[in-house]
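Have a look at protein_34.cif below; it lists mmCIF, C-alpha atoms.
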data_work
#
loop_
_atom_site.label_atom_id
_atom_site.label_comp_id
_atom_site.auth_asym_id
_atom_site.auth_seq_id
_atom_site.Cartn_x
_atom_site.Cartn_y
_atom_site.Cartn_z
CA MET A 178 20.27 9.18 -0.01
CA ARG A 179 20.45 6.53 2.64
CA LYS A 180 19.02 6.16 6.13
CA ASN A 181 18.56 3.49 8.81
CA PHE A 182 15.17 2.83 10.34
CA ASN A 183 14.09 0.97 13.45
CA ARG A 184 12.51 -2.37 12.76
CA THR A 185 9.01 -1.39 13.73
CA LEU A 186 5.82 -0.38 12.02
CA SER A 187 5.90 3.03 13.65
CA SER A 188 9.04 3.82 11.62
CA LEU A 189 6.78 4.24 8.59
CA GLU A 190 6.18 7.89 9.53
CA ASP A 191 9.96 8.55 9.29
CA VAL A 192 10.27 6.43 6.14
CA PHE A 193 7.64 8.61 4.44
CA LEU A 194 9.39 11.81 5.56
CA PHE A 195 12.64 10.48 4.13
CA LEU A 196 10.95 9.69 0.80
CA ASP A 197 9.12 13.03 0.75
CA ASP A 198 12.46 14.78 1.17
CA PHE A 199 14.01 12.90 -1.75
CA ALA A 200 10.92 13.47 -3.90
CA GLN A 201 10.98 17.18 -3.19
CA LYS A 202 14.69 17.49 -4.05
CA ASN A 203 14.10 15.66 -7.33
CA GLY A 204 10.83 17.28 -8.33
CA PHE A 205 8.68 14.11 -8.28
CA ASN A 206 5.02 14.61 -9.13
CA PRO A 207 2.46 13.35 -6.55
CA SER A 208 1.79 10.19 -8.52
CA VAL A 209 5.46 9.14 -8.64
CA LEU A 210 5.85 9.98 -4.95
CA ASN A 211 2.83 7.84 -4.05
CA GLU A 212 4.09 4.90 -6.09
CA THR A 213 7.50 5.22 -4.43
CA ARG A 214 5.85 5.31 -0.99
CA LEU A 215 3.82 2.24 -1.84
CA VAL A 216 6.80 0.20 -3.06
CA VAL A 217 8.83 1.06 0.05
CA GLU A 218 5.95 0.57 2.49
CA GLU A 219 5.16 -2.88 1.11
CA LEU A 220 8.78 -4.08 1.19
CA PHE A 221 9.52 -2.52 4.57
CA THR A 222 6.43 -3.96 6.29
CA ASN A 223 7.11 -7.30 4.63
CA ILE A 224 10.58 -7.45 6.18
CA ILE A 225 9.19 -6.52 9.62
CA LYS A 226 6.48 -9.15 9.34
CA TYR A 227 8.45 -12.08 7.95
CA SER A 228 12.14 -11.48 8.66
CA THR A 229 11.97 -11.70 12.43
CA GLY A 230 14.53 -12.69 15.05
CA SER A 231 16.63 -9.56 15.37
CA GLN A 232 16.16 -5.89 16.11
CA LYS A 233 18.76 -4.69 13.61
CA LYS A 234 17.86 -1.56 11.74
CA ILE A 235 16.70 -1.67 8.13
CA THR A 236 18.55 0.58 5.67
CA ILE A 237 16.73 2.29 2.83
CA ASP A 238 18.76 3.68 -0.03
CA ILE A 239 17.17 5.76 -2.78
CA SER A 240 18.88 7.17 -5.83
CA LEU A 241 18.05 8.43 -9.25
CA ASN A 242 20.09 7.37 -12.23
CA GLY A 243 18.76 9.32 -15.18
CA LEU A 244 15.16 8.17 -15.44
CA VAL A 245 15.69 5.06 -13.33
CA LEU A 246 14.72 5.27 -9.70
CA VAL A 247 16.70 2.72 -7.68
CA LEU A 248 15.43 1.68 -4.25
CA GLN A 249 17.34 -0.66 -1.97
CA LEU A 250 16.25 -2.16 1.31
CA ILE A 251 19.03 -3.75 3.32
CA ASP A 252 18.10 -6.20 6.05
CA ARG A 253 20.94 -7.34 8.35
CA ASN A 254 18.87 -9.95 10.15
CA GLY A 255 21.26 -12.69 9.08
CA GLN A 256 18.68 -15.11 7.76
CA PRO A 257 18.04 -15.34 4.02
CA PHE A 258 14.62 -13.93 3.28
CA ASP A 259 13.45 -13.73 -0.33
CA PRO A 260 10.05 -12.10 -0.80
CA THR A 261 10.44 -12.17 -4.59
CA ARG A 262 9.74 -15.91 -4.45
CA SER A 263 6.34 -15.46 -2.86
CA ALA A 264 3.35 -17.05 -4.58
CA GLU A 265 1.77 -15.13 -7.44
CA TYR A 266 -1.29 -13.13 -6.51
CA ASP A 267 -4.30 -13.87 -8.69
CA ASN A 268 -6.02 -10.53 -9.28
CA GLN A 269 -8.86 -12.20 -11.21
CA GLN A 270 -10.27 -14.13 -8.25
CA THR A 271 -13.81 -13.51 -7.08
CA LEU A 272 -14.52 -11.76 -3.80
CA LYS A 273 -15.08 -15.08 -2.03
CA GLU A 274 -11.81 -16.54 -3.24
CA ARG A 275 -9.66 -13.52 -2.41
CA PRO A 276 -7.25 -13.96 0.47
CA ILE A 277 -6.93 -11.05 2.90
CA GLY A 278 -3.31 -10.11 2.40
CA LYS A 279 -0.66 -11.32 -0.08
CA LEU A 280 -1.33 -8.25 -2.16
CA GLY A 281 1.63 -6.03 -1.28
CA LEU A 282 4.33 -7.71 -3.35
CA HIS A 283 1.96 -8.06 -6.27
CA LEU A 284 1.52 -4.27 -6.28
CA VAL A 285 5.29 -3.76 -6.04
CA LYS A 286 5.83 -5.99 -9.05
CA LYS A 287 3.14 -4.14 -11.00
CA MET A 288 4.70 -0.76 -10.29
CA THR A 289 8.34 -1.52 -10.91
CA ALA A 290 10.46 -2.64 -13.82
CA ASP A 291 12.65 -5.01 -11.88
CA ILE A 292 13.05 -6.51 -8.41
CA THR A 293 16.10 -8.52 -7.37
CA TYR A 294 17.14 -10.33 -4.22
CA GLN A 295 20.68 -10.90 -3.01
CA HIS A 296 21.84 -12.51 0.20
CA GLN A 297 25.48 -12.29 1.18
CA LYS A 298 27.42 -12.14 4.43
CA GLY A 299 24.27 -12.12 6.50
CA GLN A 300 22.75 -9.26 4.55
CA THR A 301 19.65 -9.40 2.43
CA ILE A 302 19.51 -6.70 -0.22
CA LEU A 303 16.34 -6.07 -2.17
CA THR A 304 16.83 -3.82 -5.17
CA VAL A 305 13.89 -2.36 -7.02
CA LYS A 306 14.13 -0.35 -10.22
CA LYS A 307 11.38 1.90 -11.40
CA LEU A 308 11.34 3.76 -14.68
CA LEU A 309 10.20 7.35 -14.52
CA LYS A 310 8.61 8.93 -17.51
CA GLY A 311 10.68 11.67 -19.14
CA MET B 180 -2.34 12.04 8.62
CA PHE B 181 -5.36 9.82 8.25
CA GLU B 182 -8.98 10.26 9.20
CA ILE B 183 -12.19 8.33 8.71
CA ILE B 184 -15.34 10.39 9.05
CA LEU B 185 -18.81 8.87 9.24
CA THR B 186 -21.15 11.56 7.96
CA PRO B 187 -24.78 12.01 9.10
CA GLU B 188 -25.76 10.73 5.63
CA LYS B 189 -24.03 7.45 6.56
CA GLU B 190 -21.20 8.05 4.15
CA ILE B 191 -17.63 7.12 4.99
CA LYS B 192 -15.05 9.75 4.09
CA LEU B 193 -11.42 8.68 3.90
CA ILE B 194 -8.91 11.51 4.31
CA GLY B 195 -5.12 11.49 3.95
CA ARG B 196 -2.88 8.44 3.93
CA PHE B 197 -4.34 4.97 4.47
CA ASP B 198 -1.19 2.97 5.27
CA ALA B 199 -0.16 0.05 7.49
CA LEU B 200 -0.03 2.30 10.56
CA GLN B 201 -3.77 2.98 10.21
CA LYS B 202 -4.95 -0.54 9.65
CA GLU B 203 -6.06 -1.48 13.17
CA LYS B 204 -7.89 1.77 13.79
CA ALA B 205 -9.58 1.54 10.39
CA LEU B 206 -10.62 -2.08 10.94
CA GLN B 207 -12.32 -1.09 14.19
CA ILE B 208 -14.32 1.64 12.47
CA PHE B 209 -15.21 -0.42 9.39
CA SER B 210 -16.32 -3.32 11.60
CA THR B 211 -19.20 -1.13 12.83
CA ILE B 212 -20.64 -0.85 9.31
CA GLN B 213 -23.54 -3.22 8.72
CA LYS B 214 -25.36 -1.79 5.70
CA THR B 215 -24.53 -0.81 2.13
CA SER B 216 -22.44 2.35 2.42
CA MET B 217 -20.76 4.84 0.15
CA VAL B 218 -17.05 5.40 0.68
CA ASP B 219 -15.82 8.78 -0.52
CA PHE B 220 -12.19 8.77 -1.69
CA GLN B 221 -12.04 12.39 -2.76
CA GLN B 222 -9.64 13.44 -0.01
CA LEU B 223 -7.65 10.22 0.12
CA ASP B 224 -4.11 10.77 -1.13
CA TYR B 225 -2.64 7.33 -0.69
CA ILE B 226 -3.56 3.72 -0.03
CA SER B 227 -1.34 0.66 0.40
CA SER B 228 -2.16 -3.05 0.58
CA ALA B 229 -2.89 -2.60 4.31
CA GLY B 230 -5.70 -0.17 3.48
CA LEU B 231 -6.94 -2.37 0.67
CA SER B 232 -7.13 -5.35 3.02
CA VAL B 233 -9.45 -3.43 5.36
CA LEU B 234 -11.80 -2.66 2.47
CA LEU B 235 -11.63 -6.24 1.23
CA ALA B 236 -12.40 -7.72 4.65
CA THR B 237 -15.36 -5.36 5.02
CA GLN B 238 -16.66 -6.14 1.54
CA LYS B 239 -16.50 -9.89 2.24
CA ARG B 240 -18.39 -9.49 5.51
CA LEU B 241 -21.08 -7.20 4.04
CA LYS B 242 -21.63 -9.27 0.89
CA ASN B 243 -22.37 -12.29 3.06
CA HIS B 244 -25.67 -10.68 3.93
CA GLY B 245 -26.35 -8.89 0.67
CA GLU B 246 -24.81 -5.52 1.55
CA GLN B 247 -21.71 -3.81 0.11
CA LEU B 248 -19.33 -0.87 0.05
CA ILE B 249 -19.64 1.40 -2.98
CA LEU B 250 -16.57 3.52 -3.70
CA LYS B 251 -16.54 6.95 -5.30
CA ASN B 252 -14.39 9.94 -6.25
CA MET B 253 -11.06 8.14 -6.55
CA SER B 254 -8.00 9.95 -7.83
CA GLN B 255 -6.40 8.50 -10.93
CA HIS B 256 -3.50 7.17 -8.87
CA VAL B 257 -5.73 5.34 -6.39
CA ARG B 258 -7.90 4.05 -9.23
CA GLU B 259 -4.82 2.56 -10.82
CA ILE B 260 -3.90 0.70 -7.64
CA PHE B 261 -7.41 -0.74 -7.54
CA ARG B 262 -6.97 -1.88 -11.11
CA TYR B 263 -3.56 -3.50 -10.40
CA ALA B 264 -5.13 -5.30 -7.45
CA GLY B 265 -8.09 -6.43 -9.53
CA PHE B 266 -10.29 -4.72 -6.94
CA ASP B 267 -12.21 -2.97 -9.70
CA MET B 268 -13.87 -6.37 -10.22
CA ILE B 269 -15.02 -6.77 -6.62
CA PHE B 270 -16.11 -3.24 -5.81
CA GLU B 271 -18.54 -0.95 -7.54
CA ILE B 272 -16.52 2.17 -8.27
CA ARG B 273 -18.42 5.28 -9.26
CA THR B 274 -16.47 7.74 -11.31
CA THR B 275 -18.70 10.78 -11.13
CA ILE B 276 -19.54 12.86 -8.10
CA GLU B 277 -22.92 11.85 -6.71
CA GLN B 278 -25.57 14.53 -6.61
CA GLY B 279 -27.91 14.91 -3.63
#

Mind turning the file's structure into structure tokens?
Amino acid sequence: MRKNFNRTLSSLEDVFLFLDDFAQKNGFNPSVLNETRLVVEELFTNIIKYSTGSQKKITIDISLNGLVLVLQLIDRNGQPFDPTRSAEYDNQQTLKERPIGKLGLHLVKKMTADITYQHQKGQTILTVKKLLKG
Amino acid sequence: MFEIILTPEKEIKLIGRFDALQKEKALQIFSTIQKTSMVDFQQLDYISSAGLSVLLATQKRLKNHGEQLILKNMSQHVREIFRYAGFDMIFEIRTTIEQG
């Protein structure tokens, strides 16, 4: 399934509906649905926040290949933007040391098997693979 | 759907989906909290890093004057996110339902 979303935070409502629909069709349990929501929310809001300069829609593609859930976010902003190269989040820091923020991609990495970045012809494609338990 | 309810017992109940869309509203409400408070997660289905950042900012502010948020009744899924974030080290998380 694939759908385009406006480049704004308020699109999140529609993004969740889109994911809910896919989850329902594929019989996801609430925990898998929530992890899927989290991965997509973090990547989507990251693009809105850091890949600025155009109003082009963001495409989300979701598919299931056996027990591998494949999520793709396609950003046609034109500028290369690679969130996978962000600094590592240290989840052992004390309360005082903790930065507010920087946590989203860390959670995505924890919840997925693989995250890859490609930039070609003005398109940035983030592909995330998540293994579902049989 | 997301709601924050401040109960007469000064407890904070989180209900629904605490995502990036709710961050500003939640920050406003949490900024009014000055004392050690219990946050009840029983009816919270979902939290993302945006929701976590509101709790973290509040915890930092409260701890500066010896107060804190204490979290309770988390679902297994939410508990796992706290563990991934390492937030189980910076919040007291109660696993049983408080009596009285």

Quiz item: What's the 9 Å shell around Thr301 of chain A, counting only C-alpha atoms, without same-chain residues fewer than 4 positions away, as a PyMOL selection string?
Solution: chain A and resi 250-259+294-297

Q. Given a cut-off of 7 Å, which residues of chain A touch chain B, counting all atoms listed in the file, written out as a list in words?
A.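 In the required form, that comes to Leu186, Ser187, Ser208, Asn211, Leu215, Asn268, Gln269, Thr271, Leu272, Lys273, Ile277, Gly278, Leu280, Gly281, Leu284 and Lys287 of chain A.
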
Around all of segment 187-204 of chain B's listed atoms, make the axis-aligned box with 5 Å on each side and tell me centre and edge lengths in Å to one decimal, as AutoDock Vina command-line options.
--center_x -12.9 --center_y 5.3 --center_z 8.8 --size_x 35.7 --size_y 23.5 --size_z 19.9

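Between atom CA of Asp219 of chain B and atom CA of Thr237 of chain B the separation is 15.2 Å.
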
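Among the candidate residues A:Thr229, A:Asn181, A:Asn223, A:Ser240, the one lying nearest to Lys202 of chain A is A:Ser240, with distances computed using all atoms listed in the file.
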
message = Applying the PyMOL selection byres ((chain A and resi 203) around 12) to the file I just gave you, which residues come out? Please list them as a VMD selection string.
response = chain A and resid 178 196 to 202 204 to 207 209 to 210 239 to 244 246 309

Atoms kept (C-alpha atoms) for selection, written as a compact mmCIF listing (two decimals), keeping the file's coordinate frame:
# COMPACT_ATOMS: atom_id res chain seq x y z
CA MET A 178 20.27 9.18 -0.01
CA LEU A 196 10.95 9.69 0.80
CA ASP A 197 9.12 13.03 0.75
CA ASP A 198 12.46 14.78 1.17
CA PHE A 199 14.01 12.90 -1.75
CA ALA A 200 10.92 13.47 -3.90
CA GLN A 201 10.98 17.18 -3.19
CA LYS A 202 14.69 17.49 -4.05
CA GLY A 204 10.83 17.28 -8.33
CA PHE A 205 8.68 14.11 -8.28
CA ASN A 206 5.02 14.61 -9.13
CA PRO A 207 2.46 13.35 -6.55
CA VAL A 209 5.46 9.14 -8.64
CA LEU A 210 5.85 9.98 -4.95
CA ILE A 239 17.17 5.76 -2.78
CA SER A 240 18.88 7.17 -5.83
CA LEU A 241 18.05 8.43 -9.25
CA ASN A 242 20.09 7.37 -12.23
CA GLY A 243 18.76 9.32 -15.18
CA LEU A 244 15.16 8.17 -15.44
CA LEU A 246 14.72 5.27 -9.70
CA LEU A 309 10.20 7.35 -14.52

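Closest to Ile208 of chain B among B:Gly230, B:Ile194, B:Leu223, B:Ile184 is B:Ile184, based on only C-alpha atoms.
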
### Contact residues around Val285 of chain A with all atoms listed in the file at 8 Å, ignoring same-chain residues under 3 positions, as a PyMOL selection string
chain A and resi 215-216+219+281-282+288-289

**Asked** Residues picked by the PyMOL selection byres ((chain B and resi 250) around 8) here, as a list in words?
**Response**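 When the PyMOL selection byres ((chain B and resi 250) around 8) is applied to the shown file, the picked residues are Met217, Val218, Asp219, Phe220, Leu248, Ile249, Lys251, Asn252, Met253, Phe270, Glu271, Ile272 and Arg273 of chain B.
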
Correct to one decimal, the distance atom CA of Val217 of chain A-atom CA of Ile183 of chain B is 23.9 Å

So the first atom is atom CA of Glu182 of chain B and the second is atom CA of Gln222 of chain B; what is the distance between them in Å, to one decimal place?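 One can read the atom CA of Glu182 of chain B to atom CA of Gln222 of chain B distance as 9.8 Å.
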
The PyMOL selection byres ((chain B and resi 190) around 7) - which residues does that actually catch in the file I just gave you? List them as a PDB file with C-alpha atoms, keeping the file's coordinate frame.
ATOM      1  CA  LEU B 185     -18.810   8.870   9.240  1.00  0.00           C
ATOM      2  CA  THR B 186     -21.150  11.560   7.960  1.00  0.00           C
ATOM      3  CA  GLU B 188     -25.760  10.730   5.630  1.00  0.00           C
ATOM      4  CA  LYS B 189     -24.030   7.450   6.560  1.00  0.00           C
ATOM      5  CA  ILE B 191     -17.630   7.120   4.990  1.00  0.00           C
ATOM      6  CA  LYS B 192     -15.050   9.750   4.090  1.00  0.00           C
ATOM      7  CA  SER B 216     -22.440   2.350   2.420  1.00  0.00           C
ATOM      8  CA  MET B 217     -20.760   4.840   0.150  1.00  0.00           C
ATOM      9  CA  VAL B 218     -17.050   5.400   0.680  1.00  0.00           C
TER      10      VAL B 218
END

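Every protein or nucleic acid residue with an atom no more than 6 Å from Thr304 of chain A, counting only C-alpha atoms and leaving out same-chain residues fewer than 3 positions away, appears here: A:Leu248, A:Gln249, A:Ile292, A:Thr293.
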